[in-house]
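data_37.cif follows (mmCIF, N, CA and C atoms):
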```
data_protein
loop_
_atom_site.label_atom_id
_atom_site.label_comp_id
_atom_site.auth_asym_id
_atom_site.auth_seq_id
_atom_site.Cartn_x
_atom_site.Cartn_y
_atom_site.Cartn_z
N MET H 25 131.54 152.74 104.06
CA MET H 25 131.26 153.93 104.82
C MET H 25 131.89 155.11 104.10
N LEU H 26 131.15 156.17 103.99
CA LEU H 26 131.65 157.40 103.41
C LEU H 26 132.20 158.26 104.54
N VAL H 27 133.44 158.69 104.43
CA VAL H 27 134.06 159.55 105.44
C VAL H 27 134.42 160.87 104.76
N LEU H 28 133.94 161.97 105.33
CA LEU H 28 134.19 163.30 104.76
C LEU H 28 134.90 164.18 105.77
N THR H 29 135.66 165.12 105.28
CA THR H 29 136.29 166.13 106.12
C THR H 29 135.59 167.45 105.83
N ARG H 30 135.13 168.12 106.87
CA ARG H 30 134.45 169.40 106.74
C ARG H 30 135.07 170.39 107.72
N LYS H 31 135.06 171.66 107.37
CA LYS H 31 135.50 172.73 108.26
C LYS H 31 134.28 173.41 108.85
N ILE H 32 134.49 174.30 109.80
CA ILE H 32 133.38 175.03 110.40
C ILE H 32 132.61 175.78 109.31
N ASN H 33 131.30 175.73 109.40
CA ASN H 33 130.34 176.32 108.46
C ASN H 33 130.25 175.59 107.13
N GLU H 34 130.92 174.46 106.97
CA GLU H 34 130.75 173.63 105.79
C GLU H 34 129.73 172.55 106.12
N SER H 35 129.03 172.08 105.10
CA SER H 35 127.95 171.12 105.35
C SER H 35 127.95 170.01 104.31
N ILE H 36 127.13 169.01 104.59
CA ILE H 36 126.86 167.94 103.63
C ILE H 36 125.35 167.82 103.51
N CYS H 37 124.88 167.29 102.40
CA CYS H 37 123.45 167.06 102.19
C CYS H 37 123.21 165.58 101.98
N ILE H 38 122.13 165.09 102.57
CA ILE H 38 121.72 163.70 102.40
C ILE H 38 120.38 163.71 101.68
N ASP H 39 120.34 163.05 100.57
CA ASP H 39 119.11 162.89 99.80
C ASP H 39 118.46 164.23 99.43
N GLY H 40 119.25 165.28 99.33
CA GLY H 40 118.76 166.57 98.88
C GLY H 40 117.92 167.34 99.87
N GLY H 41 117.48 166.74 100.97
CA GLY H 41 116.59 167.43 101.89
C GLY H 41 117.11 167.55 103.31
N ILE H 42 118.21 166.87 103.62
CA ILE H 42 118.75 166.89 104.96
C ILE H 42 120.15 167.49 104.89
N GLU H 43 120.37 168.58 105.61
CA GLU H 43 121.67 169.24 105.63
C GLU H 43 122.29 169.10 107.02
N ILE H 44 123.56 168.71 107.06
CA ILE H 44 124.30 168.60 108.31
C ILE H 44 125.49 169.55 108.21
N MET H 45 125.58 170.50 109.16
CA MET H 45 126.64 171.51 109.11
C MET H 45 127.51 171.44 110.37
N VAL H 46 128.81 171.61 110.19
CA VAL H 46 129.72 171.71 111.32
C VAL H 46 129.60 173.13 111.87
N VAL H 47 129.12 173.25 113.10
CA VAL H 47 128.87 174.55 113.70
C VAL H 47 130.07 175.00 114.54
N GLN H 48 130.68 174.06 115.26
CA GLN H 48 131.77 174.43 116.16
C GLN H 48 132.64 173.22 116.44
N VAL H 49 133.93 173.44 116.57
CA VAL H 49 134.88 172.40 116.98
C VAL H 49 135.62 172.96 118.18
N ARG H 50 135.55 172.24 119.29
CA ARG H 50 136.21 172.68 120.52
C ARG H 50 136.87 171.47 121.15
N GLY H 51 138.20 171.38 121.04
CA GLY H 51 138.92 170.22 121.56
C GLY H 51 138.52 168.98 120.77
N ASN H 52 138.06 167.95 121.49
CA ASN H 52 137.64 166.71 120.81
C ASN H 52 136.12 166.65 120.63
N ARG H 53 135.45 167.78 120.74
CA ARG H 53 133.99 167.83 120.57
C ARG H 53 133.63 168.60 119.32
N VAL H 54 132.65 168.09 118.60
CA VAL H 54 132.17 168.73 117.37
C VAL H 54 130.69 169.00 117.55
N ARG H 55 130.27 170.24 117.27
CA ARG H 55 128.84 170.58 117.31
C ARG H 55 128.34 170.58 115.88
N LEU H 56 127.25 169.87 115.67
CA LEU H 56 126.64 169.76 114.35
C LEU H 56 125.28 170.42 114.36
N GLY H 57 124.93 171.06 113.25
CA GLY H 57 123.60 171.60 113.06
C GLY H 57 122.89 170.80 111.98
N PHE H 58 121.61 170.53 112.20
CA PHE H 58 120.83 169.74 111.25
C PHE H 58 119.67 170.56 110.74
N ARG H 59 119.47 170.54 109.43
CA ARG H 59 118.31 171.19 108.81
C ARG H 59 117.63 170.12 107.96
N ALA H 60 116.32 169.92 108.22
CA ALA H 60 115.58 168.87 107.52
C ALA H 60 114.12 169.27 107.42
N PRO H 61 113.38 168.63 106.51
CA PRO H 61 111.94 168.89 106.43
C PRO H 61 111.26 168.57 107.75
N THR H 62 110.11 169.18 107.99
CA THR H 62 109.42 169.00 109.27
C THR H 62 108.95 167.57 109.51
N ASP H 63 108.82 166.77 108.46
CA ASP H 63 108.36 165.39 108.66
C ASP H 63 109.52 164.43 108.97
N VAL H 64 110.73 164.95 109.11
CA VAL H 64 111.90 164.13 109.40
C VAL H 64 112.25 164.26 110.88
N SER H 65 112.40 163.14 111.55
CA SER H 65 112.77 163.12 112.95
C SER H 65 114.29 163.10 113.07
N ILE H 66 114.81 163.97 113.93
CA ILE H 66 116.25 163.98 114.20
C ILE H 66 116.40 163.80 115.70
N GLN H 67 116.98 162.67 116.09
CA GLN H 67 117.13 162.35 117.50
C GLN H 67 118.54 161.89 117.79
N ARG H 68 119.00 162.17 118.98
CA ARG H 68 120.31 161.74 119.43
C ARG H 68 120.26 160.25 119.75
N LYS H 69 121.25 159.53 119.31
CA LYS H 69 121.28 158.10 119.59
C LYS H 69 122.66 157.75 120.12
N GLU H 70 122.71 157.34 121.36
CA GLU H 70 123.97 157.00 121.99
C GLU H 70 124.43 155.62 121.54
N ARG H 71 125.71 155.42 121.49
CA ARG H 71 126.28 154.14 121.04
C ARG H 71 125.74 152.98 121.86
N SER H 72 125.56 153.17 123.16
CA SER H 72 125.09 152.08 124.01
C SER H 72 123.64 151.71 123.73
N ALA H 73 122.89 152.58 123.04
CA ALA H 73 121.48 152.32 122.77
C ALA H 73 121.26 151.62 121.43
N VAL H 74 122.32 151.29 120.70
CA VAL H 74 122.18 150.64 119.40
C VAL H 74 121.72 149.21 119.62
N PRO H 75 120.60 148.78 118.99
CA PRO H 75 120.11 147.42 119.17
C PRO H 75 121.09 146.39 118.63
N ALA H 76 121.07 145.22 119.23
CA ALA H 76 121.94 144.13 118.77
C ALA H 76 121.62 143.82 117.31
N GLY H 77 122.63 143.62 116.52
CA GLY H 77 122.45 143.30 115.11
C GLY H 77 122.36 144.51 114.21
N ALA H 78 122.32 145.72 114.79
CA ALA H 78 122.26 146.93 113.96
C ALA H 78 123.63 147.17 113.34
N PRO H 79 123.66 147.74 112.12
CA PRO H 79 124.97 148.01 111.51
C PRO H 79 125.75 149.03 112.32
N THR H 80 127.05 148.78 112.48
CA THR H 80 127.88 149.67 113.27
C THR H 80 128.68 150.61 112.41
N GLY H 81 128.73 150.39 111.11
CA GLY H 81 129.45 151.28 110.23
C GLY H 81 130.88 150.85 109.98
N ASP H 82 131.33 149.80 110.64
CA ASP H 82 132.70 149.38 110.44
C ASP H 82 132.81 148.18 109.52
N ALA H 83 131.72 147.82 108.86
CA ALA H 83 131.74 146.66 107.98
C ALA H 83 132.13 147.03 106.55
N GLY H 84 132.30 148.31 106.28
CA GLY H 84 132.70 148.74 104.95
C GLY H 84 131.55 148.77 103.95
N ASP H 85 130.32 148.85 104.42
CA ASP H 85 129.14 148.84 103.55
C ASP H 85 129.01 150.19 102.83
N PRO H 86 129.12 150.23 101.49
CA PRO H 86 129.05 151.51 100.78
C PRO H 86 127.66 152.13 100.80
N ASP H 87 126.62 151.36 101.06
CA ASP H 87 125.26 151.88 101.08
C ASP H 87 124.76 152.13 102.50
N LEU H 88 125.66 152.34 103.43
CA LEU H 88 125.30 152.49 104.84
C LEU H 88 124.35 153.65 105.08
N LEU H 89 124.52 154.77 104.39
CA LEU H 89 123.70 155.95 104.64
C LEU H 89 122.30 155.85 104.04
N GLN H 90 122.10 155.02 103.04
CA GLN H 90 120.78 154.94 102.40
C GLN H 90 119.68 154.49 103.37
N PRO H 91 119.86 153.40 104.13
CA PRO H 91 118.80 153.04 105.09
C PRO H 91 118.60 154.12 106.15
N PHE H 92 119.67 154.79 106.55
CA PHE H 92 119.57 155.87 107.52
C PHE H 92 118.71 157.01 106.98
N ALA H 93 118.97 157.42 105.76
CA ALA H 93 118.20 158.50 105.15
C ALA H 93 116.74 158.11 104.97
N THR H 94 116.49 156.87 104.58
CA THR H 94 115.12 156.39 104.40
C THR H 94 114.38 156.39 105.73
N ALA H 95 115.02 155.90 106.78
CA ALA H 95 114.39 155.87 108.11
C ALA H 95 114.10 157.27 108.61
N MET H 96 115.00 158.21 108.35
CA MET H 96 114.77 159.59 108.78
C MET H 96 113.59 160.21 108.06
N ARG H 97 113.43 159.88 106.77
CA ARG H 97 112.29 160.43 106.01
C ARG H 97 110.97 159.86 106.51
N ARG H 98 110.97 158.60 106.92
CA ARG H 98 109.72 157.94 107.35
C ARG H 98 109.29 158.31 108.74
N ALA H 99 110.21 158.80 109.59
CA ALA H 99 109.88 159.11 110.98
C ALA H 99 108.87 160.25 111.02
N GLY H 100 108.00 160.22 112.02
CA GLY H 100 106.91 161.18 112.05
C GLY H 100 107.12 162.40 112.95
N THR H 101 108.16 162.44 113.77
CA THR H 101 108.36 163.59 114.65
C THR H 101 109.67 164.26 114.33
N ARG H 102 109.85 165.44 114.89
CA ARG H 102 111.05 166.22 114.64
C ARG H 102 111.61 166.70 115.96
N ALA H 103 112.93 166.72 116.08
CA ALA H 103 113.57 167.24 117.29
C ALA H 103 113.27 168.71 117.42
N ARG H 104 113.07 169.17 118.64
CA ARG H 104 112.78 170.58 118.87
C ARG H 104 114.08 171.38 118.92
N PRO H 105 114.15 172.52 118.23
CA PRO H 105 115.35 173.36 118.32
C PRO H 105 115.49 173.95 119.70
N ARG H 106 116.72 174.18 120.14
CA ARG H 106 116.95 174.77 121.46
C ARG H 106 116.96 176.26 121.38
#
```

Let me see whether you can do it: turn the structure in this file into structure tokens.
Amino acid sequence: MLVLTRKINESICIDGGIEIMVVQVRGNRVRLGFRAPTDVSIQRKERSAVPAGAPTGDAGDPDLLQPFATAMRRAGTRARPR
């Protein structure tokens, strides 16, 4: 698992087309902003909704983000901005 430290208004890029930015930190809550191509779906996924057998990220897999990025590129819908 890759763990990064970011400050407000700093971002990371996944596969060159998906940007995740720290928008706000308030107490123990972090607001993230996502910028991605229109063919990429960005949806909230609660921990309780993770299917059995899905990777949890605590196994130390260095390629954990690659399947995530691939799945995001293949998805056909996009989250609506508020």

- Separation of atom N of Val47 (chain H) from atom N of Lys31 (chain H), in Å and rounded to one decimal: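 So the two atoms, atom N of Val47 (chain H) and atom N of Lys31 (chain H), lie 8.4 Å apart.
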
- Query: Any chance you could work out the residue set of the PyMOL selection byres (((chain H and resi 42 and name CA) around 9) and name CA) here, as a PyMOL selection string?
  - Reply: chain H and resi 36-41+43-44+58-61+64+93

- Of the candidates H:Gly51, H:Thr62, H:Gln67, H:Val46, which one gets nearest to Glu34 (chain H) if we count only N, CA and C atoms?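 Nearest candidate to Glu34 (chain H) out of H:Gly51, H:Thr62, H:Gln67, H:Val46: H:Val46.
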
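Picture a line from CA of Ile66 (chain H) to CA of Val54 (chain H); it runs 16.9 Å.
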
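From atom C of Leu26 (chain H) back to atom N of Arg50 (chain H), the distance works out to 20.6 Å.
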